[in-house]
>>> print(open('data-v1.txt').read())   # compact mmCIF, C-alpha atoms
# COMPACT_ATOMS: atom_id res chain seq x y z
CA MET A 680 10.90 11.64 -2.38
CA THR A 681 9.07 13.39 0.38
CA THR A 682 10.90 13.23 3.67
CA GLY A 683 9.32 12.27 6.94
CA GLY A 684 9.36 15.66 8.66
CA SER A 685 5.60 15.99 8.43
CA ASP A 686 4.73 12.32 8.14
CA PRO A 687 1.06 12.03 9.13
CA ASP A 688 1.58 8.34 10.00
CA GLN A 689 4.56 8.82 12.29
CA GLU A 690 2.78 8.64 15.64
CA LEU A 691 0.64 5.73 14.49
CA ILE A 692 3.70 3.73 13.42
CA ALA A 693 5.36 4.30 16.79
CA ARG A 694 2.27 2.92 18.53
CA VAL A 695 2.12 -0.02 16.12
CA GLY A 696 5.73 -0.77 16.98
CA ARG A 697 4.72 -1.02 20.63
CA GLY A 698 1.96 -3.47 19.73
CA ASP A 699 -0.94 -1.09 20.42
CA PRO A 700 -3.99 -2.97 19.08
CA ALA A 701 -5.99 0.21 18.37
CA ALA A 702 -3.11 1.65 16.33
CA ILE A 703 -2.78 -1.60 14.40
CA GLN A 704 -6.48 -1.54 13.54
CA ALA A 705 -6.26 2.12 12.55
CA LEU A 706 -3.24 1.61 10.31
CA VAL A 707 -4.86 -1.33 8.56
CA ALA A 708 -8.06 0.67 8.04
CA ARG A 709 -6.07 3.58 6.64
CA LYS A 710 -3.62 1.75 4.39
CA LEU A 711 -5.04 -1.62 3.40
CA PRO A 712 -7.58 -0.28 0.86
CA ARG A 713 -4.83 1.79 -0.80
CA MET A 714 -2.36 -1.08 -0.97
CA LEU A 715 -5.00 -3.48 -2.22
CA GLN A 716 -6.08 -1.03 -4.90
CA LEU A 717 -2.51 -0.38 -5.99
CA ALA A 718 -1.79 -4.09 -6.38
CA HIS A 719 -5.13 -4.80 -8.03
CA ARG A 720 -4.71 -2.06 -10.63
CA LEU A 721 -1.18 -3.19 -11.45
CA LEU A 722 -1.75 -6.94 -11.42
CA ASN A 723 -5.42 -7.10 -12.46
CA ASP A 724 -5.84 -10.15 -10.25
CA ALA A 725 -7.74 -10.01 -6.96
CA ALA A 726 -6.03 -13.00 -5.32
CA GLU A 727 -2.55 -11.79 -6.21
CA ALA A 728 -3.46 -8.30 -5.02
CA GLU A 729 -4.47 -9.71 -1.62
CA ASP A 730 -1.18 -11.62 -1.39
CA VAL A 731 0.78 -8.46 -2.17
CA ALA A 732 -1.16 -6.35 0.34
CA GLN A 733 -0.68 -8.96 3.06
CA GLU A 734 3.04 -9.30 2.38
CA ALA A 735 3.46 -5.51 2.39
CA PHE A 736 1.85 -5.35 5.82
CA LEU A 737 3.99 -8.21 7.14
CA ARG A 738 7.03 -6.17 6.18
CA ALA A 739 5.52 -3.10 7.79
CA TRP A 740 4.98 -5.00 11.03
CA LYS A 741 8.65 -6.04 11.03
CA GLN A 742 9.72 -2.48 10.35
CA ALA A 743 7.42 -0.70 12.79
CA PRO A 744 9.33 -1.34 16.07
CA THR A 745 12.49 0.20 14.61
CA TRP A 746 10.90 2.74 12.23
CA GLN A 747 13.14 5.77 11.90
CA PRO A 748 11.16 8.91 11.11
CA GLY A 749 12.82 11.23 8.64
CA ALA A 750 14.14 8.76 6.09
CA ALA A 751 10.88 8.58 4.11
CA ARG A 752 7.21 9.00 4.77
CA PHE A 753 5.66 5.72 5.83
CA ASP A 754 3.04 5.85 3.06
CA THR A 755 5.76 6.28 0.44
CA TRP A 756 7.80 3.45 1.97
CA LEU A 757 4.75 1.16 1.97
CA HIS A 758 4.04 2.04 -1.67
CA ARG A 759 7.64 1.16 -2.48
CA VAL A 760 7.31 -2.24 -0.81
CA ALA A 761 4.01 -3.04 -2.54
CA LEU A 762 5.29 -1.77 -5.88
CA ASN A 763 8.38 -3.97 -5.66
CA LEU A 764 6.22 -6.98 -4.82
CA CYS A 765 4.08 -6.20 -7.89
CA TYR A 766 7.21 -5.82 -10.06
CA ASP A 767 8.36 -9.28 -8.93
CA ARG A 768 5.05 -10.83 -9.91
CA LEU A 769 4.90 -8.99 -13.25
CA ARG A 770 8.46 -10.11 -14.01
CA ARG A 771 7.56 -13.73 -13.24
CA ARG A 772 4.53 -13.45 -15.51
CA ARG A 773 6.69 -12.17 -18.36
CA GLU A 774 9.14 -15.04 -17.86
CA VAL A 775 6.31 -17.58 -17.92
CA ALA A 776 4.77 -15.91 -20.97
CA MET A 777 8.08 -16.11 -22.84
CA ALA A 778 8.54 -19.74 -21.88
CA GLU A 779 4.97 -20.64 -22.76
CA PRO A 780 3.59 -18.38 -25.52
CA PRO A 781 -0.18 -17.90 -25.06
CA GLU A 782 -2.59 -19.37 -27.53
CA GLN A 783 -3.89 -17.01 -30.21
CA VAL A 784 -7.07 -15.28 -29.12
CA ASP A 785 -9.90 -15.30 -31.62
CA PRO A 786 -10.31 -11.68 -32.72
CA ALA A 787 -13.90 -12.23 -33.89
CA PRO A 788 -16.62 -10.47 -31.88
CA ALA A 789 -17.90 -12.63 -29.06
CA ALA A 790 -21.54 -12.82 -28.15
CA ASP A 791 -21.01 -11.21 -24.77
CA ARG A 792 -18.74 -8.44 -25.98
CA GLY A 793 -21.67 -6.10 -26.36
CA LEU A 794 -22.47 -6.55 -22.68
CA LEU A 795 -18.89 -5.77 -21.71
CA ALA A 796 -18.92 -2.67 -23.87
CA ARG A 797 -21.80 -1.30 -21.87
CA ASP A 798 -20.03 -1.78 -18.58
CA THR A 799 -17.72 1.17 -18.23
CA GLY A 800 -15.93 -0.26 -15.23
CA LEU A 801 -14.96 -3.47 -16.97
CA ARG A 802 -13.95 -1.54 -20.07
CA VAL A 803 -11.68 0.73 -18.04
CA THR A 804 -10.14 -2.22 -16.20
CA ALA A 805 -9.45 -3.94 -19.50
CA ALA A 806 -8.00 -0.78 -21.03
CA LEU A 807 -5.71 -0.29 -18.04
CA ALA A 808 -4.57 -3.90 -18.21
CA ALA A 809 -3.73 -3.46 -21.90
CA LEU A 810 -1.35 -0.54 -21.25
CA PRO A 811 2.40 -1.12 -21.21
CA ASP A 812 3.49 -1.78 -17.60
CA ARG A 813 5.28 1.53 -17.03
CA GLN A 814 2.42 3.62 -18.42
CA ARG A 815 -0.04 1.71 -16.24
CA GLU A 816 2.15 2.25 -13.17
CA ALA A 817 2.29 5.99 -13.84
CA VAL A 818 -1.50 6.25 -14.23
CA VAL A 819 -2.16 4.12 -11.15
CA LEU A 820 0.26 6.03 -8.92
CA CYS A 821 -0.88 9.49 -10.01
CA HIS A 822 -4.59 9.02 -10.67
CA TYR A 823 -5.70 6.25 -8.31
CA GLN A 824 -3.12 6.56 -5.53
CA GLU A 825 -3.10 10.37 -5.86
CA LEU A 826 0.65 10.62 -5.32
CA THR A 827 2.46 13.79 -6.32
CA ASN A 828 4.49 13.71 -9.51
CA ILE A 829 7.65 13.89 -7.40
CA ASP A 830 6.74 10.90 -5.22
CA ALA A 831 5.48 8.85 -8.17
CA ALA A 832 8.62 9.57 -10.20
CA ALA A 833 10.84 8.64 -7.24
CA LEU A 834 8.95 5.37 -6.70
CA MET A 835 9.29 4.48 -10.36
CA GLY A 836 12.93 5.55 -10.51
CA VAL A 837 12.37 8.04 -13.33
CA THR A 838 12.59 11.81 -13.70
CA VAL A 839 9.47 13.95 -13.36
CA ASP A 840 9.72 14.69 -17.10
CA ALA A 841 9.78 10.98 -17.90
CA LEU A 842 6.81 10.45 -15.60
CA GLU A 843 4.88 13.20 -17.39
CA SER A 844 5.62 11.53 -20.71
CA LEU A 845 4.50 8.11 -19.44
CA LEU A 846 1.31 9.63 -18.06
CA ALA A 847 0.52 11.51 -21.26
CA ARG A 848 1.05 8.42 -23.42
CA GLY A 849 -0.87 6.19 -21.05
CA ARG A 850 -3.84 8.52 -20.80
CA ARG A 851 -3.84 9.07 -24.57
CA ALA A 852 -4.02 5.32 -25.10
CA LEU A 853 -6.80 5.03 -22.53
CA ARG A 854 -8.78 7.81 -24.18
CA ALA A 855 -8.46 6.09 -27.54
CA ALA A 856 -9.49 2.73 -26.08
CA LEU A 857 -12.51 4.23 -24.36
CA ALA A 858 -13.49 6.73 -27.07
CA ASP A 859 -16.73 4.94 -27.93
CA LEU A 860 -18.00 5.44 -24.39
CA ARG A 861 -18.33 9.15 -25.14
CA GLU A 862 -20.02 8.78 -28.51
CA MET B 543 6.27 29.46 -19.89
CA MET B 544 2.59 28.52 -19.89
CA ASN B 545 0.85 28.58 -23.23
CA LEU B 546 -1.97 26.56 -24.74
CA ASP B 547 0.36 23.75 -25.85
CA ARG B 548 1.89 23.39 -22.39
CA PHE B 549 -1.51 23.66 -20.72
CA GLN B 550 -2.89 20.96 -23.00
CA THR B 551 0.10 18.70 -22.35
CA LEU B 552 -0.32 19.03 -18.60
CA ALA B 553 -4.04 18.29 -18.84
CA ASP B 554 -3.30 15.24 -20.99
CA ALA B 555 -0.82 13.96 -18.41
CA PHE B 556 -2.28 14.93 -15.05
CA GLY B 557 -6.00 15.20 -15.75
CA GLY B 558 -8.75 17.76 -15.58
CA SER B 559 -8.13 19.15 -12.11
CA ILE B 560 -5.32 21.71 -11.87
CA THR B 561 -4.99 21.09 -8.15
CA ARG B 562 -3.66 17.62 -9.01
CA TRP B 563 -1.04 18.97 -11.38
CA PRO B 564 2.58 19.42 -10.23
CA VAL B 565 2.67 22.12 -7.56
CA ASP B 566 5.27 24.18 -9.41
CA VAL B 567 3.01 24.76 -12.45
CA GLN B 568 -0.30 25.36 -10.73
CA ASP B 569 0.00 29.15 -10.34
CA ALA B 570 0.91 29.57 -14.00
CA ALA B 571 -1.92 27.24 -15.01
CA PHE B 572 -4.50 29.21 -13.04
CA ALA B 573 -3.14 32.42 -14.56
CA PHE B 574 -3.48 30.94 -18.05
CA MET B 575 -7.02 29.85 -17.27
CA ALA B 576 -7.89 33.38 -16.20
CA ALA B 577 -6.36 34.81 -19.38
CA SER B 578 -7.75 32.21 -21.82
CA PRO B 579 -10.81 30.72 -20.14
CA ASP B 580 -12.36 29.08 -23.22
CA ALA B 581 -9.24 27.27 -24.40
CA ALA B 582 -8.40 26.22 -20.86
CA ALA B 583 -11.92 24.97 -20.19
CA GLN B 584 -11.91 22.90 -23.38
CA ALA B 585 -8.60 21.24 -22.49
CA LEU B 586 -9.72 20.54 -18.93
CA ALA B 587 -13.11 19.16 -19.99
CA ARG B 588 -11.50 16.61 -22.27
CA ALA B 589 -9.16 15.49 -19.51
CA ARG B 590 -12.01 15.42 -16.98
CA ASP B 591 -13.98 13.04 -19.20
CA LEU B 592 -11.16 10.53 -18.96
CA ASP B 593 -10.83 11.09 -15.19
CA GLU B 594 -14.51 10.18 -14.81
CA ASP B 595 -14.09 7.07 -16.94
CA LEU B 596 -11.10 5.98 -14.87
CA ASP B 597 -13.07 6.50 -11.67
CA ALA B 598 -15.77 4.17 -13.00
CA ALA B 599 -13.41 1.22 -12.70
CA GLY B 600 -14.45 -0.96 -9.80
CA ARG B 601 -12.54 -0.88 -6.53
CA LEU B 602 -11.47 -4.06 -4.77
CA SER B 603 -12.45 -3.75 -1.11
CA PRO B 604 -10.50 -5.64 1.53
CA GLY B 605 -12.45 -8.59 2.91
CA VAL B 606 -12.80 -9.40 6.60
CA ALA B 607 -10.58 -12.49 6.31
CA LEU B 608 -7.70 -10.58 4.73
CA ARG B 609 -7.99 -7.80 7.29
CA GLN B 610 -7.94 -10.32 10.14
CA ARG B 611 -4.95 -12.24 8.76
CA ILE B 612 -2.99 -9.01 8.61
CA ILE B 613 -4.01 -7.90 12.08
CA ASP B 614 -3.22 -11.33 13.54
CA ALA B 615 0.34 -11.04 12.22
CA ALA B 616 0.91 -7.61 13.79
CA PRO B 617 3.35 -6.99 16.63
CA LYS B 618 1.99 -8.02 20.00
CA ALA B 619 2.14 -5.77 23.02
CA ARG B 620 4.42 -7.04 25.77
CA ARG B 621 2.57 -8.15 28.85
CA PRO B 622 3.42 -5.96 31.86
CA LEU B 623 5.52 -7.62 34.58
CA ARG B 624 3.27 -8.28 37.53
CA THR B 625 5.44 -8.82 40.57
CA PRO B 626 8.39 -6.88 42.00
CA PHE B 627 10.51 -10.04 41.65
CA GLN B 628 9.67 -10.29 37.90
CA ARG B 629 10.49 -6.60 37.42
CA TRP B 630 13.74 -7.05 39.30
CA LEU B 631 14.71 -10.03 37.13
CA ALA B 632 13.95 -8.10 33.97
CA SER B 633 15.79 -4.94 35.04
CA ALA B 634 18.78 -6.98 36.19
CA GLY B 635 18.90 -8.59 32.76
CA VAL B 636 18.39 -12.04 34.14
CA GLY B 637 17.34 -14.30 31.33
CA ALA B 638 14.68 -16.94 31.17
CA GLY B 639 17.30 -19.67 31.64
CA LEU B 640 18.32 -18.39 35.06
CA ALA B 641 14.69 -17.89 36.00
CA ALA B 642 13.95 -21.47 34.95
CA ALA B 643 16.88 -22.77 36.96
CA THR B 644 15.73 -20.76 39.97
CA ALA B 645 12.20 -22.02 39.63
CA ALA B 646 13.34 -25.62 39.20
CA GLY B 647 15.47 -25.29 42.31
CA LEU B 648 12.53 -23.92 44.25
CA ILE B 649 10.30 -26.73 43.16
CA ALA B 650 12.87 -29.44 43.84
CA GLY B 651 13.65 -28.02 47.25
CA VAL B 652 10.05 -27.74 48.21
CA ASN B 653 9.26 -31.22 46.91
CA LEU B 654 12.03 -32.70 49.06
CA SER B 655 11.02 -30.88 52.19
CA ALA B 656 7.32 -31.08 51.60
CA ALA B 657 7.17 -34.84 51.65
CA SER B 658 6.10 -34.76 55.27
CA ALA B 659 4.19 -31.45 55.07
CA GLY B 660 1.87 -32.56 52.23
CA GLY B 661 1.76 -31.68 48.50
CA ASP B 662 -0.26 -28.45 48.64
CA ALA B 663 2.69 -26.13 49.24
CA ALA B 664 4.65 -27.73 46.41
CA LEU B 665 1.75 -27.34 43.99
CA LEU B 666 1.35 -23.70 44.93
CA LEU B 667 5.02 -23.00 44.39
CA ALA B 668 5.05 -24.94 41.13
CA ALA B 669 2.16 -22.82 39.87
CA TYR B 670 3.97 -19.66 40.97
CA SER B 671 7.14 -20.77 39.19
CA THR B 672 5.28 -21.44 35.95
CA ASP B 673 3.67 -18.03 36.18
CA LEU B 674 7.04 -16.44 36.81
CA LEU B 675 8.49 -18.14 33.76
CA ASP B 676 5.64 -16.86 31.57
CA GLY B 677 6.25 -13.31 32.69
CA GLU B 678 9.99 -13.51 32.24
CA GLY B 679 9.58 -15.02 28.77
CA ASP B 680 7.46 -12.07 27.67
CA ALA B 681 9.99 -9.55 28.89
CA SER B 682 13.09 -11.11 27.37
>>> encode(input="data-v1.txt", output="structure tokens")
Amino acid sequence: MTTGGSDPDQELIARVGRGDPAAIQALVARKLPRMLQLAHRLLNDAAEAEDVAQEAFLRAWKQAPTWQPGAARFDTWLHRVALNLCYDRLRRRREVAMAEPPEQVDPAPAADRGLLARDTGLRVTAALAALPDRQREAVVLCHYQELTNIDAAALMGVTVDALESLLARGRRALRAALADLRE
Amino acid sequence: MMNLDRFQTLADAFGGSITRWPVDVQDAAFAFMAASPDAAAQALARARDLDEDLDAAGRLSPGVALRQRIIDAAPKARRPLRTPFQRWLASAGVGAGLAAATAAGLIAGVNLSAASAGGDAALLLAAYSTDLLDGEGDAS
């Protein structure tokens, strides 16, 4: 994982730790959209994404007064916190799903499915949500969060080769799911 | 070793922009692109199509209420100590308890002696003591 030697957030975090209102506003403006997007892409639920983003910031506020530069870049640390909060929620969902199997979904074409097919954004969101969790995490961290392969692999606790494999499989599945958009 | 297979694999995994590929393969990838421009362009174009599709997914923007809840929970700046006596208490490590005891003593003393002198002095000192306690509480 990238170390904090050239952490672009270092000075801001120090000011946040001292309760500087301008620094707090600046940090929220800089990081909140990224955290919200990360959680939204992984959980596919706006309300849960807001909860995760808020909780990640609460932990950042606790950490800021004693933040030690050098251990990890703040952005990477915040991603780790948000990612772990998402993992917790995904795990709970799986437990609930196992305890209460979902009803069978009617595979017949619905009347509004043609509308959905024309909306690329909704199609992409649905295709992402249908990916296995680890493939979706890899795509979200590398494509949407624009993390390096080294940082993304470290966050996911896998090797860079394993990350590359997850990305390739995830993107292949996405391309297949969205193939008709290019026809 | 960069060849078409490896180039294609990297494009499949990391997308259609070489600058977003792992740093340690970028030089070799650019060299391959210079040597085999048609094959490289085809692989990149396919990956770029998917990048564009992914970017079409809507973004959830933070609302004002969420932003405010987060900001409201942020660390608060400590209020500066206003009087030399407050600064002395803080630097001497005197806690709020001692300050409260001191203030209570001041008030009690003044109340006893002020019975004949009227209540104004006592009220003034009581207000000062409360103010002192606020300042000391912030600094502890």
>>> closest_residue(input="data-v1.txt", among="A:Arg815, A:Leu691, A:Thr804, A:Cys765", to="chain B", atoms="all atoms listed in the file")
A:Thr804
>>> interface_residues(input="data-v1.txt", of="chain B", to="chain A", cutoff="10 Å", atoms="only C-alpha atoms", output="ChimeraX atom specification")
/B:551-557,562-565,588-589,591-593,595-605,608-620
>>> atom_distance(input="data-v1.txt", atom1="CA of Gln824 in chain A", atom2="CA of Ile692 in chain A")
20.3 Å
>>> residues_around(input="data-v1.txt", residues="Ala570 in chain B", least_positions_apart="6", cutoff="10 Å", atoms="only C-alpha atoms", output="list in words")
Met543, Met544, Asn545, Phe549 and Ala576 of chain B
>>> write_last_selection(input="data-v1.txt", atoms="C-alpha atoms", output="PDB file, keeping the file's coordinate frame")
ATOM      1  CA  MET B 543       6.270  29.460 -19.890  1.00  0.00           C
ATOM      2  CA  MET B 544       2.590  28.520 -19.890  1.00  0.00           C
ATOM      3  CA  ASN B 545       0.850  28.580 -23.230  1.00  0.00           C
ATOM      4  CA  PHE B 549      -1.510  23.660 -20.720  1.00  0.00           C
ATOM      5  CA  ALA B 576      -7.890  33.380 -16.200  1.00  0.00           C
TER       6      ALA B 576
END
>>> atom_distance(input="data-v1.txt", atom1="CA of Leu757 in chain A", atom2="CA of Asp688 in chain A")
11.2 Å
>>> atom_distance(input="data-v1.txt", atom1="CA of Glu816 in chain A", atom2="CA of Asp859 in chain A")
24.1 Å
